[in-house]
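This is start22.pdb. It holds PDB, C-alpha atoms.
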```pdb
ATOM      1  CA  MET A  19      -1.210 -36.004  17.678
ATOM      2  CA  SER A  20       1.853 -33.766  17.901
ATOM      3  CA  SER A  21       1.761 -30.082  18.780
ATOM      4  CA  GLN A  22       1.382 -27.602  15.961
ATOM      5  CA  PRO A  23       2.506 -23.967  15.718
ATOM      6  CA  SER A  24      -0.157 -21.511  16.852
ATOM      7  CA  LYS A  25      -0.674 -17.745  17.090
ATOM      8  CA  THR A  26      -2.886 -18.212  20.169
ATOM      9  CA  LEU A  27      -1.300 -17.017  23.410
ATOM     10  CA  GLN A  28      -2.974 -18.369  26.525
ATOM     11  CA  SER A  29      -2.775 -16.925  30.021
ATOM     12  CA  PHE A  30      -3.452 -17.804  33.634
ATOM     13  CA  PRO A  31      -4.250 -15.615  36.675
ATOM     14  CA  ASN A  32      -1.266 -13.877  38.253
ATOM     15  CA  PRO A  33      -0.688 -15.692  41.583
ATOM     16  CA  ALA A  34       0.807 -12.570  43.227
ATOM     17  CA  ILE A  35      -1.130  -9.671  41.728
ATOM     18  CA  GLU A  36      -0.428  -7.452  44.749
ATOM     19  CA  ARG A  37       3.300  -7.296  43.951
ATOM     20  CA  ASP A  38       5.533  -6.220  41.108
ATOM     21  CA  TYR A  39       7.820  -9.101  40.221
ATOM     22  CA  HIS A  40      10.004  -9.775  37.223
ATOM     23  CA  ILE A  41       9.562 -12.750  34.893
ATOM     24  CA  HIS A  42      12.587 -13.289  32.649
ATOM     25  CA  MET A  43      12.237 -15.721  29.735
ATOM     26  CA  GLN A  44      14.629 -16.640  26.947
ATOM     27  CA  VAL A  45      13.818 -18.224  23.615
ATOM     28  CA  PRO A  46      17.281 -19.186  22.304
ATOM     29  CA  GLU A  47      16.170 -20.908  19.080
ATOM     30  CA  PHE A  48      13.774 -18.457  17.428
ATOM     31  CA  THR A  49      13.630 -18.696  13.647
ATOM     32  CA  CYS A  50      11.800 -16.957  10.833
ATOM     33  CA  LEU A  51      12.583 -16.270   7.190
ATOM     34  CA  CYS A  52      14.189 -13.262   5.550
ATOM     35  CA  PRO A  53      11.387 -11.622   3.540
ATOM     36  CA  LEU A  54      13.784 -10.757   0.706
ATOM     37  CA  THR A  55      15.810 -13.957   0.256
ATOM     38  CA  GLY A  56      13.678 -16.608   1.971
ATOM     39  CA  GLN A  57      16.748 -17.729   3.923
ATOM     40  CA  PRO A  58      16.346 -18.525   7.618
ATOM     41  CA  ASP A  59      17.021 -15.867  10.243
ATOM     42  CA  PHE A  60      17.933 -16.961  13.758
ATOM     43  CA  ALA A  61      17.508 -15.000  16.981
ATOM     44  CA  ARG A  62      17.538 -15.228  20.732
ATOM     45  CA  ILE A  63      14.357 -13.592  22.049
ATOM     46  CA  VAL A  64      14.401 -12.328  25.636
ATOM     47  CA  LEU A  65      11.163 -11.403  27.414
ATOM     48  CA  ASP A  66      11.172  -9.313  30.592
ATOM     49  CA  ILE A  67       7.684  -9.066  32.065
ATOM     50  CA  ILE A  68       6.121  -7.483  35.125
ATOM     51  CA  PRO A  69       2.668  -9.061  34.961
ATOM     52  CA  ASP A  70      -0.598  -7.430  35.958
ATOM     53  CA  GLU A  71      -3.695  -9.627  36.193
ATOM     54  CA  THR A  72      -2.434 -12.517  34.037
ATOM     55  CA  CYS A  73       0.763 -14.332  33.029
ATOM     56  CA  VAL A  74       1.539 -15.990  29.710
ATOM     57  CA  GLU A  75       1.291 -19.785  29.663
ATOM     58  CA  LEU A  76       4.601 -21.308  28.541
ATOM     59  CA  LYS A  77       3.404 -24.032  26.150
ATOM     60  CA  SER A  78       1.298 -21.528  24.225
ATOM     61  CA  LEU A  79       4.314 -19.177  24.135
ATOM     62  CA  LYS A  80       6.474 -21.985  22.719
ATOM     63  CA  LEU A  81       3.898 -22.778  20.005
ATOM     64  CA  TYR A  82       3.506 -19.061  19.274
ATOM     65  CA  MET A  83       7.261 -18.608  18.786
ATOM     66  CA  TRP A  84       7.332 -21.731  16.600
ATOM     67  CA  SER A  85       4.641 -20.212  14.365
ATOM     68  CA  TYR A  86       7.181 -17.775  12.903
ATOM     69  CA  ARG A  87       9.428 -20.522  11.513
ATOM     70  CA  ASN A  88       8.017 -20.337   7.959
ATOM     71  CA  GLU A  89       7.053 -16.651   7.900
ATOM     72  CA  GLY A  90       9.018 -13.927   6.185
ATOM     73  CA  ALA A  91       9.435 -10.734   8.185
ATOM     74  CA  PHE A  92      12.000  -8.058   8.901
ATOM     75  CA  HIS A  93      13.651  -8.147  12.331
ATOM     76  CA  GLU A  94      11.980  -4.925  13.443
ATOM     77  CA  GLN A  95       8.529  -6.137  12.376
ATOM     78  CA  VAL A  96       8.810  -9.503  14.139
ATOM     79  CA  THR A  97      10.031  -7.934  17.389
ATOM     80  CA  ASN A  98       7.243  -5.334  17.443
ATOM     81  CA  THR A  99       4.597  -7.923  16.551
ATOM     82  CA  ILE A 100       5.690 -10.187  19.406
ATOM     83  CA  LEU A 101       5.375  -7.230  21.802
ATOM     84  CA  ASP A 102       1.931  -6.279  20.452
ATOM     85  CA  ASP A 103       0.615  -9.849  20.630
ATOM     86  CA  LEU A 104       1.844 -10.355  24.202
ATOM     87  CA  VAL A 105       0.392  -7.015  25.328
ATOM     88  CA  LYS A 106      -2.946  -7.995  23.776
ATOM     89  CA  ALA A 107      -2.861 -11.425  25.454
ATOM     90  CA  ILE A 108      -1.774 -10.507  28.998
ATOM     91  CA  ALA A 109      -1.858  -6.672  29.360
ATOM     92  CA  PRO A 110       1.263  -6.572  31.556
ATOM     93  CA  ARG A 111       2.402  -3.672  33.721
ATOM     94  CA  PHE A 112       5.708  -3.768  31.855
ATOM     95  CA  LEU A 113       7.069  -5.799  28.950
ATOM     96  CA  ARG A 114      10.388  -5.624  27.145
ATOM     97  CA  VAL A 115      11.126  -7.788  24.108
ATOM     98  CA  THR A 116      14.777  -7.992  23.117
ATOM     99  CA  ALA A 117      15.546  -9.763  19.851
ATOM    100  CA  GLN A 118      19.218 -10.575  19.401
ATOM    101  CA  TRP A 119      19.563 -11.558  15.755
ATOM    102  CA  TYR A 120      22.524 -13.709  14.799
ATOM    103  CA  VAL A 121      24.996 -12.532  12.210
ATOM    104  CA  ARG A 122      23.782 -12.020   8.657
ATOM    105  CA  GLY A 123      26.142 -10.464   6.127
ATOM    106  CA  GLY A 124      28.620  -9.688   8.908
ATOM    107  CA  ILE A 125      26.072  -7.683  10.943
ATOM    108  CA  TYR A 126      24.466  -8.538  14.279
ATOM    109  CA  THR A 127      21.165  -6.767  14.926
ATOM    110  CA  ASN A 128      19.485  -6.208  18.291
ATOM    111  CA  VAL A 129      15.937  -4.857  18.385
ATOM    112  CA  VAL A 130      14.486  -3.793  21.751
ATOM    113  CA  VAL A 131      10.866  -2.698  22.217
ATOM    114  CA  GLU A 132       8.956  -1.868  25.417
ATOM    115  CA  HIS A 133       5.432  -1.493  26.727
ATOM    116  CA  HIS A 134       4.548   0.411  29.913
ATOM    117  CA  LYS A 135       0.981   0.163  31.221
ATOM    118  CA  ARG A 136      -0.563   3.614  31.439
ATOM    119  CA  GLY A 137      -0.252   4.957  34.981
ATOM    120  CA  TRP A 138       2.116   2.215  36.173
ATOM    121  CA  LYS A 139       5.259   3.431  37.876
ATOM    122  CA  PRO A 140       8.105   1.052  38.620
ATOM    123  CA  LYS A 141       9.168   0.780  42.207
ATOM    124  CA  PRO A 142      12.752   1.881  42.955
ATOM    125  CA  ARG A 143      15.259  -0.853  42.256
ATOM    126  CA  VAL A 144      16.937  -2.337  45.302
ATOM    127  CA  GLU A 145      20.649  -2.965  44.911
ATOM    128  CA  LEU A 146      22.155  -5.353  47.427
ATOM    129  CA  SER A 147      25.868  -5.165  48.013
ATOM    130  CA  ARG A 148      27.796  -8.382  48.125
ATOM    131  CA  PHE A 149      29.656  -8.998  51.342
ATOM    132  CA  GLU A 150      33.328  -9.331  50.539
ATOM    133  CA  PRO A 151      35.552 -10.390  53.427
ATOM    134  CA  ALA A 152      38.630  -8.246  53.794
ATOM    135  CA  HIS A 153      41.673  -9.639  52.050
ATOM    136  CA  PRO A 154      44.508 -10.463  54.511
ATOM    137  CA  ALA A 155      46.977  -8.340  52.522
ATOM    138  CA  VAL A 156      44.737  -5.296  52.935
ATOM    139  CA  THR A 157      44.032  -5.737  56.657
ATOM    140  CA  GLY A 158      47.573  -6.795  57.572
ATOM    141  CA  ALA A 159      46.302 -10.011  59.164
TER     142      ALA A 159
END
```
Would you put the structure from the file into structure tokens?
Amino acid sequence: MSSQPSKTLQSFPNPAIERDYHIHMQVPEFTCLCPLTGQPDFARIVLDIIPDETCVELKSLKLYMWSYRNEGAFHEQVTNTILDDLVKAIAPRFLRVTAQWYVRGGIYTNVVVEHHKRGWKPKPRVELSRFEPAHPAVTGA
């Protein structure tokens, strides 16, 4: 039996609950239908997650994303629903859903929504500088 689309998001225990770490996922072939015309809409969905107690299981995420293929919804609605469903399933410390909708009528649309767990504060970002060896022309070598 082949896999079928599903709205069920499954999770598993976070293997490093003591630390904030970033999970970055991309769904480059997301599709749904325009609710007005019934024509297909295509998007690249990007998920940025700092998990808390659980992480989303990837096969269930794939089947969840697939479940939108024959549904009509506006870009803003789909993006917000994906955020709400993921928050309900895994209750992350932080979640950002970025939906980059491909051109329709000459217009690209990006919809970005975020969830911040109450009381969670992000740790300061660490920026590492890249070591660049001095160019001989600059040093006179």
- [ ] Could you check which of A:Pro110, A:Glu94, A:Gly56, A:Thr116 is closest to Ser29 in chain A, using only C-alpha atoms?
- [x]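 Smallest separation from Ser29 in chain A among the options: A:Pro110.
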Sorted by chain and rising residue number, list the residues of range 64-159 of chain A at most 6 Å from range 21-25 of chain A (counting only C-alpha atoms), each with its closest atom pair and distance in Å to one decimal, as JSON lines.
```
{"residue": "A:Leu81", "atom": "CA", "partner": "A:Pro23", "partner_atom": "CA", "distance": 4.7}
{"residue": "A:Tyr82", "atom": "CA", "partner": "A:Lys25", "partner_atom": "CA", "distance": 4.9}
{"residue": "A:Trp84", "atom": "CA", "partner": "A:Pro23", "partner_atom": "CA", "distance": 5.4}
{"residue": "A:Ser85", "atom": "CA", "partner": "A:Pro23", "partner_atom": "CA", "distance": 4.5}
```
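From CA of Pro31 in chain A back to CA of Lys141 in chain A, the distance works out to 21.9 Å.
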- [ ] Extract, using only C-alpha atoms, all DNA, RNA and protein residues at most 12 Å from Pro53 in chain A, discarding same-chain residues fewer than 5 positions from it, and format them as a PyMOL selection string.
- [x] chain A and resi 58-59+86+88-96
Just-selected residues, C-alpha atoms written as a JSON list (two decimals), keeping the file's coordinate frame:
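Output saved as out_26.json:
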```json
[["chain", "number", "residue", "atom", "x", "y", "z"],
["A", 58, "PRO", "CA", 16.35, -18.52, 7.62],
["A", 59, "ASP", "CA", 17.02, -15.87, 10.24],
["A", 86, "TYR", "CA", 7.18, -17.77, 12.90],
["A", 88, "ASN", "CA", 8.02, -20.34, 7.96],
["A", 89, "GLU", "CA", 7.05, -16.65, 7.90],
["A", 90, "GLY", "CA", 9.02, -13.93, 6.18],
["A", 91, "ALA", "CA", 9.44, -10.73, 8.18],
["A", 92, "PHE", "CA", 12.00, -8.06, 8.90],
["A", 93, "HIS", "CA", 13.65, -8.15, 12.33],
["A", 94, "GLU", "CA", 11.98, -4.92, 13.44],
["A", 95, "GLN", "CA", 8.53, -6.14, 12.38],
["A", 96, "VAL", "CA", 8.81, -9.50, 14.14]]
```
Open item on the list: Report, in Å to a single decimal, how far apart CA of Gln118 in chain A and CA of Leu79 in chain A are.
Closed with: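 Taking CA of Leu79 in chain A and CA of Gln118 in chain A, their separation equals 17.8 Å.
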Open item on the list: So the first atom is CA of Thr49 in chain A and the second is CA of Cys73 in chain A; what is the distance between them in Å, to one decimal place?
Closed with: 23.7 Å
Open item on the list: Selection in question (the file shown): the PyMOL selection byres ((chain A and resi 140) around 12). Which residues does it include, as number ranges by chain?
Closed with: A: 37-40, 68, 111-113, 134-139, 141-144
Open item on the list: As a check of understanding, name the residues that the PyMOL selection byres ((chain A and resi 27) around 10) selects in the supplied structure, as a ChimeraX atom specification.
Closed with: /A:24-26,28-29,74-83,103-104,106-108
As AutoDock Vina command-line options, please report the centre and edge lengths, rounded to one decimal in Å, of the axis-aligned box that holds all listed atoms of range 27-30 of chain A with 6 Å of padding on each of the six sides.
```
--center_x -2.4 --center_y -17.6 --center_z 28.5 --size_x 14.2 --size_y 13.4 --size_z 22.2
```
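For the choices A:Ala109, A:Val115, A:Ile100, A:Val131, the atom-to-atom distance to Asp66 in chain A is smallest for A:Val115 when using only C-alpha atoms.
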Open item on the list: Using only C-alpha atoms, can you tell me which of A:Asn128, A:Glu71, A:Arg114, A:Arg62 comes closest to Val45 in chain A?
Closed with: A:Arg62
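Among the candidate residues A:Ala117, A:Val105, A:Val130, A:Ile125, the one lying nearest to Gln44 in chain A is A:Ala117, with distances computed using all atoms listed in the file.
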Atoms are missing here; could range 95-112 of chain A be completed with N, CA and C atoms and written as a PDB file, in the coordinates of the input?
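The resulting file, part_8.pdb, is reproduced below:
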```pdb
ATOM      1  N   GLN A  95       9.947  -5.782  12.412  1.00  0.00           N
ATOM      2  CA  GLN A  95       8.529  -6.137  12.376  1.00  0.00           C
ATOM      3  C   GLN A  95       8.223  -7.285  13.329  1.00  0.00           C
ATOM      4  N   VAL A  96       9.037  -8.336  13.284  1.00  0.00           N
ATOM      5  CA  VAL A  96       8.810  -9.503  14.139  1.00  0.00           C
ATOM      6  C   VAL A  96       8.857  -9.096  15.614  1.00  0.00           C
ATOM      7  N   THR A  97       9.863  -8.326  15.989  1.00  0.00           N
ATOM      8  CA  THR A  97      10.031  -7.934  17.389  1.00  0.00           C
ATOM      9  C   THR A  97       8.833  -7.114  17.866  1.00  0.00           C
ATOM     10  N   ASN A  98       8.393  -6.157  17.070  1.00  0.00           N
ATOM     11  CA  ASN A  98       7.243  -5.334  17.443  1.00  0.00           C
ATOM     12  C   ASN A  98       5.950  -6.138  17.466  1.00  0.00           C
ATOM     13  N   THR A  99       5.807  -7.089  16.564  1.00  0.00           N
ATOM     14  CA  THR A  99       4.597  -7.923  16.551  1.00  0.00           C
ATOM     15  C   THR A  99       4.532  -8.815  17.786  1.00  0.00           C
ATOM     16  N   ILE A 100       5.661  -9.372  18.188  1.00  0.00           N
ATOM     17  CA  ILE A 100       5.690 -10.187  19.406  1.00  0.00           C
ATOM     18  C   ILE A 100       5.257  -9.344  20.606  1.00  0.00           C
ATOM     19  N   LEU A 101       5.783  -8.125  20.714  1.00  0.00           N
ATOM     20  CA  LEU A 101       5.375  -7.230  21.802  1.00  0.00           C
ATOM     21  C   LEU A 101       3.869  -6.976  21.749  1.00  0.00           C
ATOM     22  N   ASP A 102       3.354  -6.591  20.590  1.00  0.00           N
ATOM     23  CA  ASP A 102       1.931  -6.279  20.452  1.00  0.00           C
ATOM     24  C   ASP A 102       1.048  -7.475  20.818  1.00  0.00           C
ATOM     25  N   ASP A 103       1.424  -8.657  20.351  1.00  0.00           N
ATOM     26  CA  ASP A 103       0.615  -9.849  20.630  1.00  0.00           C
ATOM     27  C   ASP A 103       0.623 -10.199  22.119  1.00  0.00           C
ATOM     28  N   LEU A 104       1.780 -10.071  22.763  1.00  0.00           N
ATOM     29  CA  LEU A 104       1.844 -10.355  24.202  1.00  0.00           C
ATOM     30  C   LEU A 104       1.072  -9.320  25.012  1.00  0.00           C
ATOM     31  N   VAL A 105       1.160  -8.059  24.634  1.00  0.00           N
ATOM     32  CA  VAL A 105       0.392  -7.015  25.328  1.00  0.00           C
ATOM     33  C   VAL A 105      -1.102  -7.290  25.188  1.00  0.00           C
ATOM     34  N   LYS A 106      -1.532  -7.682  23.996  1.00  0.00           N
ATOM     35  CA  LYS A 106      -2.946  -7.995  23.776  1.00  0.00           C
ATOM     36  C   LYS A 106      -3.379  -9.197  24.617  1.00  0.00           C
ATOM     37  N   ALA A 107      -2.502 -10.184  24.753  1.00  0.00           N
ATOM     38  CA  ALA A 107      -2.861 -11.425  25.454  1.00  0.00           C
ATOM     39  C   ALA A 107      -2.858 -11.283  26.973  1.00  0.00           C
ATOM     40  N   ILE A 108      -1.895 -10.522  27.535  1.00  0.00           N
ATOM     41  CA  ILE A 108      -1.774 -10.507  28.998  1.00  0.00           C
ATOM     42  C   ILE A 108      -1.812  -9.112  29.632  1.00  0.00           C
ATOM     43  N   ALA A 109      -1.797  -8.052  28.839  1.00  0.00           N
ATOM     44  CA  ALA A 109      -1.858  -6.672  29.360  1.00  0.00           C
ATOM     45  C   ALA A 109      -0.955  -6.483  30.585  1.00  0.00           C
ATOM     46  N   PRO A 110       0.361  -6.668  30.411  1.00  0.00           N
ATOM     47  CA  PRO A 110       1.263  -6.572  31.556  1.00  0.00           C
ATOM     48  C   PRO A 110       1.473  -5.134  32.027  1.00  0.00           C
ATOM     49  N   ARG A 111       2.005  -4.993  33.230  1.00  0.00           N
ATOM     50  CA  ARG A 111       2.402  -3.672  33.721  1.00  0.00           C
ATOM     51  C   ARG A 111       3.600  -3.175  32.914  1.00  0.00           C
ATOM     52  N   PHE A 112       4.509  -4.103  32.626  1.00  0.00           N
ATOM     53  CA  PHE A 112       5.708  -3.768  31.855  1.00  0.00           C
ATOM     54  C   PHE A 112       6.096  -4.992  31.019  1.00  0.00           C
TER      55      PHE A 112
END
```
